[in-house]
Structure formats: structure tokens, C-alpha cells
Amino acid sequence: MHPSEADRPDTGPTLAQLLALIAAGTLDVVAAPRGTGVRVSDVVLHDPGEERDEETWAATGLVLLAVGVDAASPEAVDVLRAADRAGAAAVVMRRGSRGPGAALLEAVERGRTALLTRRPGQGWTEVLGRLRTALVHSYPDRSAGGVDGLRLGDLPGLANTVADLVGGAITIEDPQSRVLAYSRMDHEPDPMRRLTILGQEVPRWRVLELRESGFFQALWNTDDVVRLPADDRYAERLAVAVRHGSEVLGSIWAAADGRPLAEDAVAALRTAGRAAVPHLSHHRTWGRAAARDRESAVHALLAGSAPAAHEIGIVRGRAYAVMVAEAYDGREPSPGDVGQRVLDVLALQAAAYRPGCVTARSGQRLYALVPAEDGEADPARALLATARGVPRGVVFAGAGPVVADLAELPGSRDAAELVVRVLRERAARLPAGGTGSAVASYAEVAAEASVLRLLDRVEPLWAAMTGPVHAMTEHDRAHGSRYGDSVAAYIDAFGDTAAAARRLHVHPNTLRYRLRRAGELFGVDLADPAVRLLADVGLRLGRRDG
């Protein structure tokens, strides 16, 4: 909700100030007859499906969002003229492929209302949220003290400022107890603060403890500060909910930081809770949208498109390698929260690994573009080692070769994905319970990766063929027999029956019997090199289905 008239200064922010607070590229100023120094009082929606009543707009300084109105449509002129008669500061319309029509531009020049257009790809909900958040930020709480004047959405700056006001350590959390920002650490943090910051969320057992004690119920149902007394484990804490109307945006926590909290800490935290509203609102509307935009841009680069790379921190002319990581629980992709937490940790480690490293997700997969120093052949080596040690899950991670041109990134991505497939297939051949995290660069598994490429090409042809190996694999599939496993072990052991039997955990005579029966039942003659080649190909393909 925007501030009430009583809380506002005599004049609101200018249109220019409002536009400066939202993300660049959200709106374009087509024409502003009175300039962008006009004052803005509120941001409202206009639904073209509703009957337009100019009296509902008759508050000078409105920014009107003409949802569904294309700047090239005949209706655009009527909407602009009605808004101009009501004294609106500006009208925002959708910018179509043709841009504003000549009649609309003429109407703008004859009136006093500015015309703005929403760029393609920007949703009306995001535009409304950003403008209203900027409007709230333009009417600061005069009691906010040092919190006032921060850049909109600067959560680390907010945490440090509040820490100075309350004399303690600050964490800012979302409603799910995930850390959004924390203040600098001037003293050694207590164990709970350390766990929370390192894990980027309050430990689950602690959340359950606070929920069962009724602490969260008290926190979410009051605008005042709630106190959590010190015990023999942790220092005293104060917490306040940050809410936008009836919606809870998050909370601010203050902990004694090697010294008692300030005498006026409660009052300071209460004020900070109000001052944090536009910052957390901005984080929800712009932070998430920006993250989606960045991920989309990274995926576009990996697919071979050429977005504005510099906007996501990618430097043209610099060499990069692509790393791909998959999070697994045993041999299956990690479900829900488990997999997401593993990927969260990997993404944080990638971001901290070296400047210019950017990431994007796709399902249970994390992609990282790792910049290479001059002459560096394996820039992701240390990052791969870090991925191997991520707790609470099994991670398969692979790095593609370094490429000098951004147009070659899809090739590095393909190679990294092949490495992950190689690691996954290796794990599938291990006994149950023997699977652990594994990492490799493309150079380390190049032969196996090349085999996978060949099998990908051969697979459609193989499926259309018939022969002894097909008959054997179909029999195994239908009856649960082990002829295919026996033949594969024999081939992998270069015909060493004793070694193949050890691998299968059977007696050598048992293996000889199975191989003889494979020849009698299906015609699989392992003395024939061509049959051995077909058996190796067919059984490798069969393991994909198995």
C-alpha cells in the first residue's frame, strides 16, 4: 500500500526520480510535454474492459498503467486524452512491434500528460510492483534515522545500518527463514549465527523448535518487536516482522554481538522494520525478475544466442569453460528441497570461486560459466573439487574445454553434459550403495565421451535391426537371465574368464557355462570379432534401457 496523504510531504517525487529508482530498461519515455520533473502522487491500473470514469482519475499526478492497450491501437488516443483531462502525470502503454501511432504522438504533443511504453518481456505485475515500491521509497519514514537514504534494494547496506543502530549483529530473512542479507561481523558470531550464515538459512531443527514454541506465531501476528531470551546455548535475540499491508515480506533479527544490545534497540528495530518495507518489496519484485532475466541470458548464451553478455557479467573476448553439475540422492535426481539446497550451495560456491563466474539452473542441473586466465587450460578444476565435497547429496559434475569465443560456448556445454553422463553411467555399474560424488573434466573422460556420442548415433539404427545379440538381450529382459552381463564382463576382461568371473562374483565354470549357452541359444559366437563388436555395442545400449 502506498503511504497515506498525511504521511506524505507536500509534494511527491518527480517522474524522473521514480524512473531512476526502477530497473533500467523497464519503461521508455516516448514524450513528456512538461518534462519528467512533474510530481507523481500514485500509480493506478486502468482496465480497458471497464467503463472509464474520469472522476476516478481526478487526482493530479497519477501514473496510469493502461493494461492491454497497445500504443499503436486507435484506443490509445482515447485513453491518453481522458487521462490528460484528469490531470494524470503519465500513461504507460504496451509497446507493440509498430511502436506508437502518429495520432497518439500528435495527441501527446497537444496535451500535458507524458507517454511511456512498457518494453516487451516486462509483465504488468512487475511494472506495477516496481513503480509502487519506488513510490513508497520516495516517502521515507522520518523516524528512520540512518536507514533513510539507502539505495533501494540494498539489503546488505540495510543490515549494516541497522546493526549500528541496535548495537548487535543483524540478519534479514525471508518468510521461509532463508538469509537474504547479514551485517558485517565485528566479533566472533555465536554458533547459531554462524550456522545460519554458512547454510544461508536457519537450520531446519531450529525452525521447528521456534515454531513449536509459538515464537513464529507471535512474530507473524504483531507489528512490534518480539524478544527471544538468551539461554545456555545462544545470545539474546530481537526480531521484527517486515510486512507490506497484510503480506509478510520477511523479518529482521538482532543478536547480541559480544556486547549487550543498545538500550533503545527495541525502538530502533521497530523503526527498521518499517523502513525495510520498500527494500524487501523491491527484492521480491525486482530481485526475482532480475535473477530470472540473468538465468535466461545465460541459457541463451549456452544455446548459441548472443544477448547483451556484459549485462550478466560476461566479457566478450575472454575465454570461458562450462561446468555442469547434477544433484542426486543415491542414483536418482535429488527431489524437492534436498536437490535445491545442494544446488544453492554449488551456486554460492561458484559465485565466490572467481570474479565473472555466472550460473543458471535447469531442473536438477546447475550450469556455470567459468572465466579462464590467460593460458589456463582447466579453470574449473578447483570448482570441480569443491563440488565433490558438497554434503547432503551425490553430485556428478563435469567441465567442458575452454573456448575463446562466446559462440563456442554450446560446444563446451555439450562436452560438460557428456562428462556428467559418463560419470552417471560409471555409477550405474557400481554395486548398490557404492555411488558417491564424482567429478571430471572432458579431457579425463574423452574416450568414454566419444563412445557415448557414437552410441547416440547408432541407437536408432540398432533399434531397427535384429540378430543374435538382440535375441539374447530380449531373453534377459523377459526372463531375468544374466547372459548379457556374462558376455559383457567377458568382453571387458579381454577374454580372461577368471577376471570376468571375479567381477560377476561367480565361479569361472559358471561363467563358461553361460557363455556356451549364449552361443547355443542365440548364436552369440564370441570367437567371431564381428559378433564381439556387435555384442559390445548392443549391451552398452541395453544398459541405457536397464
# chains A, B, ... in the order shown; residues from 1 in each chain; ligands from 1
>>> closest_atom_pairs(of="segment 103-182 of chain A", to="segment 43-46 of chain A", cutoff="8 Å", atoms="only C-alpha atoms", output="JSON lines")
{"residue": "A:Leu128", "atom": "CA", "partner": "A:Val43", "partner_atom": "CA", "distance": 7.4}
{"residue": "A:Leu131", "atom": "CA", "partner": "A:Val43", "partner_atom": "CA", "distance": 7.0}
{"residue": "A:Arg132", "atom": "CA", "partner": "A:Val43", "partner_atom": "CA", "distance": 6.4}
>>> select_by_dssp(residues="segment 173-303 of chain A", states="alpha helix (DSSP H)", output="ChimeraX atom specification")
/A:191-199,204-212,215-220,265-275,277-282,288-303
>>> residues_around(residues="Glu263 of chain A", least_positions_apart="5", cutoff="10 Å", atoms="only C-alpha atoms", output="number ranges by chain")
A: 166-167, 268
>>> residues_around(residues="Ala350 of chain A", least_positions_apart="3", cutoff="12 Å", atoms="only C-alpha atoms", output="ChimeraX atom specification")
/A:322-325,343-347,353-360,366-371,379-387
>>> residues_around(residues="Val248 of chain A", least_positions_apart="6", cutoff="8 Å", atoms="only C-alpha atoms", output="PyMOL selection string")
chain A and resi 175+220+241-242
>>> write_last_selection(atoms="N, CA, C and O atoms", output="mmCIF file, in the first residue's frame")
data_model
loop_
_atom_site.group_PDB
_atom_site.id
_atom_site.type_symbol
_atom_site.label_atom_id
_atom_site.label_comp_id
_atom_site.auth_asym_id
_atom_site.auth_seq_id
_atom_site.Cartn_x
_atom_site.Cartn_y
_atom_site.Cartn_z
ATOM 1 N N PRO A 175 10.297 -15.111 4.611
ATOM 2 C CA PRO A 175 9.352 -15.828 5.484
ATOM 3 C C PRO A 175 9.678 -17.303 5.665
ATOM 4 O O PRO A 175 9.169 -17.939 6.585
ATOM 5 N N TRP A 220 4.759 -13.351 13.559
ATOM 6 C CA TRP A 220 3.980 -13.029 12.362
ATOM 7 C C TRP A 220 2.654 -12.349 12.677
ATOM 8 O O TRP A 220 2.000 -11.858 11.757
ATOM 9 N N ALA A 241 8.847 -8.495 12.384
ATOM 10 C CA ALA A 241 8.352 -8.860 11.060
ATOM 11 C C ALA A 241 8.337 -7.627 10.170
ATOM 12 O O ALA A 241 8.054 -6.517 10.627
ATOM 13 N N VAL A 242 8.646 -7.825 8.899
ATOM 14 C CA VAL A 242 8.542 -6.754 7.900
ATOM 15 C C VAL A 242 7.318 -7.080 7.061
ATOM 16 O O VAL A 242 7.271 -8.117 6.398
#
>>> atom_distance(atom1="atom CA of Asn221 of chain A", atom2="atom CA of Ala239 of chain A")
12.3 Å
>>> select_by_dssp(residues="segment 202-383 of chain A", states="strand (DSSP E)", output="number ranges by chain")
A: 226-228, 237-244, 247-255, 320-329, 332-333, 358-362, 365-371
>>> residues_around(residues="Arg318 of chain A", least_positions_apart="4", cutoff="9 Å", atoms="only C-alpha atoms", output="list of chain:residue names")
A:Ile314, A:Pro371, A:Ala372, A:Glu373, A:Asp374, A:Val403, A:Ala404, A:Asp405, A:Leu406
>>> closest_residue(among="A:Leu269, A:Ala181, A:Leu155, A:Leu249", to="Asp224 of chain A", atoms="only C-alpha atoms")
A:Leu269
>>> atom_distance(atom1="atom CA of Arg94 of chain A", atom2="atom CA of Thr26 of chain A")
11.3 Å
>>> residues_around(residues="Leu116 of chain A", least_positions_apart="6", cutoff="9 Å", atoms="only C-alpha atoms", output="ChimeraX atom specification")
/A:27-32,90-95
>>> atom_distance(atom1="atom CA of Ala535 of chain A", atom2="atom CA of Met465 of chain A")
13.0 Å
>>> closest_residue(among="A:Pro508, A:Pro33, A:Gly157, A:Gly96", to="Gly111 of chain A", atoms="only C-alpha atoms")
A:Pro33
